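Enquirer: Sharing final22.txt below, compact mmCIF, C-alpha atoms:
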# COMPACT_ATOMS: atom_id res chain seq x y z
CA MET A 1 -15.10 -15.73 -3.96
CA ALA A 2 -12.95 -18.28 -5.70
CA ARG A 3 -10.85 -17.33 -8.68
CA PRO A 4 -12.72 -17.72 -11.98
CA GLY A 5 -12.05 -21.10 -13.45
CA SER A 6 -11.02 -22.62 -10.22
CA THR A 7 -12.51 -25.78 -8.88
CA PRO A 8 -14.39 -25.53 -5.62
CA PRO A 9 -12.15 -25.36 -2.59
CA ARG A 10 -11.82 -28.62 -0.77
CA GLU A 11 -11.97 -29.27 2.91
CA GLY A 12 -9.07 -30.23 5.08
CA GLY A 13 -5.37 -30.25 4.35
CA LEU A 14 -2.64 -32.25 2.71
CA PHE A 15 -1.53 -34.20 5.73
CA GLY A 16 -4.90 -34.34 7.39
CA ALA A 17 -6.76 -31.45 8.90
CA PRO A 18 -4.68 -28.31 9.26
CA LEU A 19 -3.31 -27.42 12.64
CA ASP A 20 -3.48 -23.95 14.03
CA GLU A 21 -0.52 -22.36 15.80
CA ASP A 22 -1.57 -23.84 19.13
CA GLY A 23 -1.63 -27.32 17.67
CA GLY A 24 -5.41 -27.49 17.53
CA THR A 25 -7.25 -28.89 14.57
CA ARG A 26 -8.81 -26.36 12.27
CA GLN A 27 -11.10 -27.22 9.42
CA GLY A 28 -11.24 -24.88 6.47
CA ALA A 29 -11.46 -24.82 2.70
CA VAL A 30 -8.22 -23.88 0.98
CA ASP A 31 -7.28 -23.29 -2.65
CA ALA A 32 -3.91 -24.96 -2.16
CA ASP A 33 -1.89 -26.73 0.44
CA ILE A 34 1.83 -26.24 0.10
CA VAL A 35 4.25 -28.22 2.21
CA VAL A 36 7.92 -27.28 2.03
CA LEU A 37 10.27 -29.98 3.22
CA PRO A 38 13.77 -29.46 4.60
CA GLY A 39 16.04 -29.05 1.59
CA GLY A 40 13.41 -27.16 -0.34
CA LEU A 41 11.32 -29.85 -2.00
CA VAL A 42 7.82 -28.46 -2.33
CA LEU A 43 4.64 -30.49 -2.31
CA ILE A 44 1.61 -28.76 -3.73
CA GLU A 45 -1.96 -29.88 -3.68
CA GLN A 46 -4.05 -27.29 -5.38
CA SER A 47 -7.66 -26.94 -6.34
CA SER A 48 -7.25 -23.71 -8.27
CA PRO A 49 -4.73 -22.79 -10.97
CA LEU A 50 -2.22 -20.77 -8.92
CA ALA A 51 -0.43 -19.82 -12.11
CA ALA A 52 2.47 -18.13 -10.38
CA LEU A 53 3.11 -21.12 -8.20
CA ALA A 54 3.04 -23.40 -11.21
CA ALA A 55 6.01 -21.47 -12.54
CA PHE A 56 7.77 -21.65 -9.22
CA GLY A 57 9.65 -24.84 -9.95
CA ALA A 58 9.84 -27.80 -12.24
CA THR A 59 7.74 -30.80 -11.48
CA VAL A 60 10.01 -33.67 -10.57
CA THR A 61 7.31 -36.24 -10.08
CA GLY A 62 3.80 -36.78 -11.31
CA ASP A 63 0.86 -36.91 -9.01
CA ILE A 64 1.55 -38.57 -5.72
CA HIS A 65 -1.27 -40.21 -3.88
CA CYS A 66 -1.11 -40.33 -0.16
CA ASN A 67 -3.36 -41.30 2.63
CA ASN A 68 -3.20 -38.13 4.66
CA GLY A 69 0.57 -38.34 4.52
CA ARG A 70 0.73 -41.36 6.75
CA ASP A 71 1.80 -43.90 4.17
CA MET B 1 -6.91 -39.89 -0.46
CA SER B 2 -5.02 -36.79 -1.51
CA ALA B 3 -3.10 -36.04 -4.69
CA TYR B 4 -0.27 -33.59 -4.87
CA ARG B 5 2.71 -32.70 -7.00
CA ALA B 6 6.27 -32.57 -5.85
CA ILE B 7 8.43 -29.86 -7.34
CA ALA B 8 12.08 -29.07 -6.88
CA SER B 9 12.25 -25.49 -5.75
CA LYS B 10 14.35 -23.26 -7.94
CA ILE B 11 15.09 -20.09 -6.10
CA LYS B 12 15.23 -17.25 -8.59
CA CYS B 13 14.25 -14.53 -6.17
CA GLN B 14 17.10 -12.72 -4.47
CA GLU B 15 14.73 -11.57 -1.74
CA SER B 16 14.04 -15.19 -0.85
CA ILE B 17 17.76 -15.73 -0.27
CA ILE B 18 17.75 -12.69 2.00
CA ASP B 19 14.67 -14.00 3.81
CA ALA B 20 16.35 -17.34 4.37
CA LEU B 21 19.41 -15.59 5.82
CA ILE B 22 17.10 -13.69 8.18
CA ASP B 23 15.47 -16.98 9.11
CA ARG B 24 18.89 -18.44 9.95
CA VAL B 25 19.77 -15.48 12.17
CA VAL B 26 16.41 -15.75 13.94
CA GLN B 27 16.76 -19.51 14.37
CA LEU B 28 20.17 -19.21 16.04
CA ARG B 29 19.11 -16.34 18.23
CA ARG B 30 16.06 -18.23 19.43
CA ALA B 31 18.22 -21.24 20.16
CA ARG B 32 20.51 -19.04 22.22
CA LEU B 33 17.76 -17.25 24.10
CA GLY B 34 15.56 -20.25 24.66
CA GLU B 35 11.79 -20.17 24.59
CA THR B 36 10.41 -16.68 24.14
CA ARG B 37 7.37 -15.99 26.24
CA PHE B 38 5.74 -13.18 24.37
CA ALA B 39 4.90 -12.54 20.74
CA SER B 40 6.48 -9.11 21.14
CA GLU B 41 9.82 -10.77 21.95
CA ARG B 42 9.60 -12.92 18.85
CA ASP B 43 8.72 -9.89 16.74
CA GLU B 44 11.68 -8.03 18.18
CA ILE B 45 14.07 -10.86 17.32
CA ILE B 46 12.79 -10.92 13.74
CA ALA B 47 12.99 -7.13 13.41
CA ASP B 48 16.57 -7.15 14.71
CA ALA B 49 17.52 -9.92 12.30
CA ARG B 50 16.02 -8.02 9.39
CA GLN B 51 18.03 -4.96 10.30
CA LEU B 52 21.24 -6.94 10.70
CA VAL B 53 20.88 -8.67 7.36
CA ALA B 54 19.79 -5.53 5.54
CA LYS B 55 22.85 -3.72 6.85
CA ALA B 56 25.44 -6.46 6.38
CA VAL B 57 24.50 -8.64 3.44
CA GLU B 58 25.69 -7.29 0.10
CA CYS B 59 23.77 -7.62 -3.15
CA TYR B 60 25.30 -6.96 -6.56
CA GLU B 61 24.15 -6.84 -10.16
CA ALA B 62 27.45 -8.38 -11.25
CA PRO B 63 29.17 -11.01 -9.10
CA VAL B 64 32.03 -9.95 -6.84
CA ASN B 65 34.89 -11.94 -5.39
CA LEU B 66 34.61 -13.69 -2.10
CA PHE B 67 37.30 -13.44 0.57
CA GLY B 68 38.77 -16.02 2.89
CA TYR B 69 38.96 -15.76 6.66
CA GLN B 70 42.41 -14.19 6.47
CA GLY B 71 41.26 -11.54 4.04
CA ASP B 72 42.63 -13.34 1.01
CA MET B 73 40.67 -12.77 -2.18
CA ARG B 74 39.26 -15.95 -3.65
CA LYS B 75 38.49 -16.72 -7.24
CA GLN B 76 34.88 -17.58 -6.42
CA THR B 77 32.33 -14.88 -7.04
CA ALA B 78 28.73 -14.29 -5.98
CA HIS B 79 25.84 -11.86 -6.37
CA VAL B 80 24.71 -12.02 -2.75
CA VAL B 81 27.48 -12.03 -0.16
CA ALA B 82 27.55 -12.49 3.59
CA ARG B 83 31.05 -11.57 4.70
CA ALA B 84 33.00 -13.80 7.04
CA ASP B 85 32.52 -11.60 10.10
CA PHE B 86 28.77 -11.73 9.68
CA VAL B 87 28.85 -15.48 9.12
CA ASN B 88 30.86 -15.94 12.32
CA LEU B 89 28.71 -13.67 14.43
CA HIS B 90 25.21 -14.36 13.16
CA LEU B 91 25.02 -17.46 10.95
CA GLY B 92 26.77 -19.98 13.15
CA GLY B 93 30.16 -20.06 11.49
CA GLY B 94 33.53 -19.98 13.22
CA ALA B 95 36.71 -18.71 11.56
CA SER B 96 34.57 -18.77 8.44
CA ASN B 97 35.10 -17.56 4.93
CA ASP B 98 32.62 -15.42 3.04
CA LEU B 99 29.35 -17.08 2.11
CA GLY B 100 28.03 -16.26 -1.34
CA PHE B 101 25.06 -16.94 -3.55
CA LEU B 102 25.74 -16.95 -7.26
CA ARG B 103 22.96 -16.44 -9.77
CA ARG B 104 23.34 -19.09 -12.46
CA ASP B 105 22.56 -18.52 -16.13
CA ASP B 106 19.05 -19.93 -15.62
CA GLY B 107 18.38 -17.34 -12.91
CA THR B 108 18.51 -19.70 -9.96
CA PHE B 109 20.91 -19.28 -7.07
CA GLU B 110 23.55 -21.66 -5.80
CA ALA B 111 25.47 -21.31 -2.57
CA ILE B 112 29.20 -20.74 -2.80
CA VAL B 113 30.63 -22.20 0.37
CA SER B 114 34.18 -23.19 1.22
CA ASP B 115 34.98 -26.77 2.12
CA TYR B 116 35.79 -25.65 5.64
CA ASP B 117 32.41 -23.99 6.10
CA SER B 118 30.56 -26.83 4.44
CA ASN B 119 31.83 -29.24 7.03
CA ARG B 120 31.77 -26.80 9.92
CA TRP B 121 28.19 -25.55 9.68
CA TRP B 122 26.70 -25.17 6.22
CA ASN B 123 25.93 -28.83 5.56
CA ASN B 124 23.78 -28.87 8.67
CA ALA B 125 22.21 -25.50 7.97
CA ALA B 126 21.55 -25.98 4.26
CA PRO B 127 18.35 -28.10 4.41
CA ARG B 128 16.62 -25.56 6.63
CA PHE B 129 18.07 -22.68 4.62
CA TRP B 130 16.71 -23.91 1.28
CA GLN B 131 13.44 -24.86 2.92
CA ALA B 132 13.08 -21.30 4.23
CA ALA B 133 14.03 -19.83 0.86
CA ALA B 134 11.51 -22.04 -0.96
CA ALA B 135 8.76 -21.20 1.51
CA HIS B 136 9.42 -17.48 1.23
CA SER B 137 9.49 -17.75 -2.54
CA ALA B 138 6.13 -19.54 -2.57
CA GLU B 139 4.71 -16.97 -0.17
CA ARG B 140 5.81 -14.12 -2.37
CA ASP B 141 4.34 -15.77 -5.45
CA ALA B 142 1.03 -16.48 -3.74
CA LEU B 143 0.72 -13.00 -2.24
CA ALA B 144 1.57 -11.41 -5.60
CA GLU B 145 -1.25 -13.46 -7.12
CA GLY B 146 -3.68 -12.10 -4.54
CA TYR B 147 -3.89 -15.10 -2.26
CA GLN B 148 -4.00 -15.09 1.51
CA LEU B 149 -1.71 -17.38 3.44
CA HIS B 150 -1.66 -19.21 6.69
CA ARG B 151 1.79 -20.46 7.63
CA SER B 152 2.52 -23.11 10.20
CA GLU B 153 5.29 -25.54 11.00
CA VAL B 154 4.58 -29.17 11.75
CA ASP B 155 7.26 -31.80 12.31
CA GLY B 156 9.94 -29.71 10.62
CA ASN B 157 7.83 -29.06 7.53
CA ILE B 158 6.57 -25.61 6.63
CA ARG B 159 2.93 -25.62 5.58
CA LEU B 160 1.34 -22.82 3.64
CA GLU B 161 -2.41 -22.94 3.34
CA VAL B 162 -3.44 -20.72 0.47
CA VAL B 163 -6.82 -19.13 -0.03
CA MET B 164 -7.94 -16.56 -2.58
CA ALA B 165 -8.22 -13.19 -0.83
CA GLY B 166 -11.80 -12.37 0.05
CA SER B 167 -13.05 -15.94 -0.12
CA SER B 168 -14.92 -17.30 2.83
CA ASN B 169 -12.78 -20.26 3.81
CA GLY B 170 -14.17 -20.82 7.26
CA ALA B 171 -10.67 -21.16 8.63
CA GLY B 172 -10.83 -17.98 10.62
CA TRP B 173 -7.74 -16.31 9.20
Would you give me this structure, written as structure tokens?
Expert:
Amino acid sequence: MARPGSTPPREGGLFGAPLDEDGGTRQGAVDADIVVLPGGLVLIEQSSPLAALAAFGATVTGDIHCNNGRD
Amino acid sequence: MSAYRAIASKIKCQESIIDALIDRVVQLRRARLGETRFASERDEIIADARQLVAKAVECYEAPVNLFGYQGDMRKQTAHVVARADFVNLHLGGGASNDLGFLRRDDGTFEAIVSDYDSNRWWNNAAPRFWQAAAAHSAERDALAEGYQLHRSEVDGNIRLEVVMAGSSNGAGW
């Protein structure tokens, strides 16, 4: 059950379909994809509010559009 | 086409600093031991690292002075301190000084590292350290909010897939 007020979970992941621990492709609906880069920059794509995560850091850029992370 | 926000992580959680220190110990131990064959071995390495860090790393309400490799007291202070011996043995230092983390006025932590250690090991370790701290901080936030997590590492990036607990996400985790 999604959190009240949240938008429907979307399919897939930020940089394409998520990979499981064995490197296989796994399709699933997630409320947020978080990618933490070396150095600590955090990329968040979220389809529900995740209030606590919103307070986690200051936004340093606006929305970024990517084509499955390959551009 | 995906849209996402980029945020600069601000580590305000002392536990996330501790977690990142554990991560560093685990990382070096794995590098030394090579590929572990069993999940139980990996779990054991992590459990050992947790114990080591819990025993050795000091946490203070008020900052304390750091010491140099010869036992000389330095003017720099920190709230979380890994003493030089621990840095040398478990964090990849060598003839190191104390490593500290000072809580700034805004609640975020900064590393207090000597010039020697910066050049010797910290500059190489720092990107992974802050990445680990940010990931742990996000994990803690998400879990506290009642979300479930799936963590994976791809191409040096840590990915956290977050799903509201109890939702049917079809991901099998």
Enquirer: Name all residues at most 10 Å from stretch 120-132 of chain B (count only C-alpha atoms; drop same-chain ones fewer than 5 positions away) and give them as a ChimeraX atom specification.
Expert: /A:35-42 /B:9-11,16-17,19-24,27,91-96,99,111,113-115,137-138,156-158
Enquirer: Could you tell me how far atom CA of B:Ile112 sits from atom CA of B:Cys59, in Å to one decimal place?
Expert: 14.2 Å
Enquirer: To one decimal place, how far is atom CA of B:Val57 from atom CA of B:Leu143 in Å?
Expert: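 Spanning atom CA of B:Val57 to atom CA of B:Leu143 is a straight-line distance of 24.8 Å.
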Enquirer: Given the point (1.2, -24.1, 7.1) in the coordinates of this file, which residues lie within 8 Å, counting all atoms listed in the file, and how would they look as a ChimeraX atom specification?
Expert: /A:18-19,33-35 /B:150-154,158-161
Enquirer: So that I can check the surroundings of stretch 61-74 of chain B, please list as a list in words every protein, DNA and RNA residue that reaches within 7 Å of it, counting all atoms listed in the file and ignoring chain neighbours fewer than 4 positions away.
Expert: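 These residues fall inside the cut-off: Ala78, His79, Ala84, Ala95, Ser96, Asn97 and Asp98 of chain B.
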Enquirer: Grab the atom CA of B:Asp106 to atom CA of B:Val80 distance for me, in Å with one decimal place.
Expert: 16.1 Å
Enquirer: If we count only C-alpha atoms, what is near stretch 29-36 of chain B at a cut-off of 9 Å, once residues fewer than 4 positions away on the same chain are taken out, given as an NGL selection string?
Expert: :B and (24-25 or 41-42 or 45 or 49 or 90)
Enquirer: Using all atoms listed in the file, find the one residue out of B:Ala56, B:Ile18, B:Leu149, B:Leu102 that sits nearest to B:Thr77.
Expert: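 Using all atoms listed in the file, B:Thr77 sits closest to B:Leu102.
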Enquirer: Can you sort out the box for stretch 57-70 of chain B, edges along x, y and z, all listed atoms in, 6 Å on every side, with centre and edge lengths in Å to one decimal, as AutoDock Vina command-line options?
Expert:
--center_x 33.1 --center_y -11.4 --center_z -2.3 --size_x 30.6 --size_y 21.2 --size_z 29.9
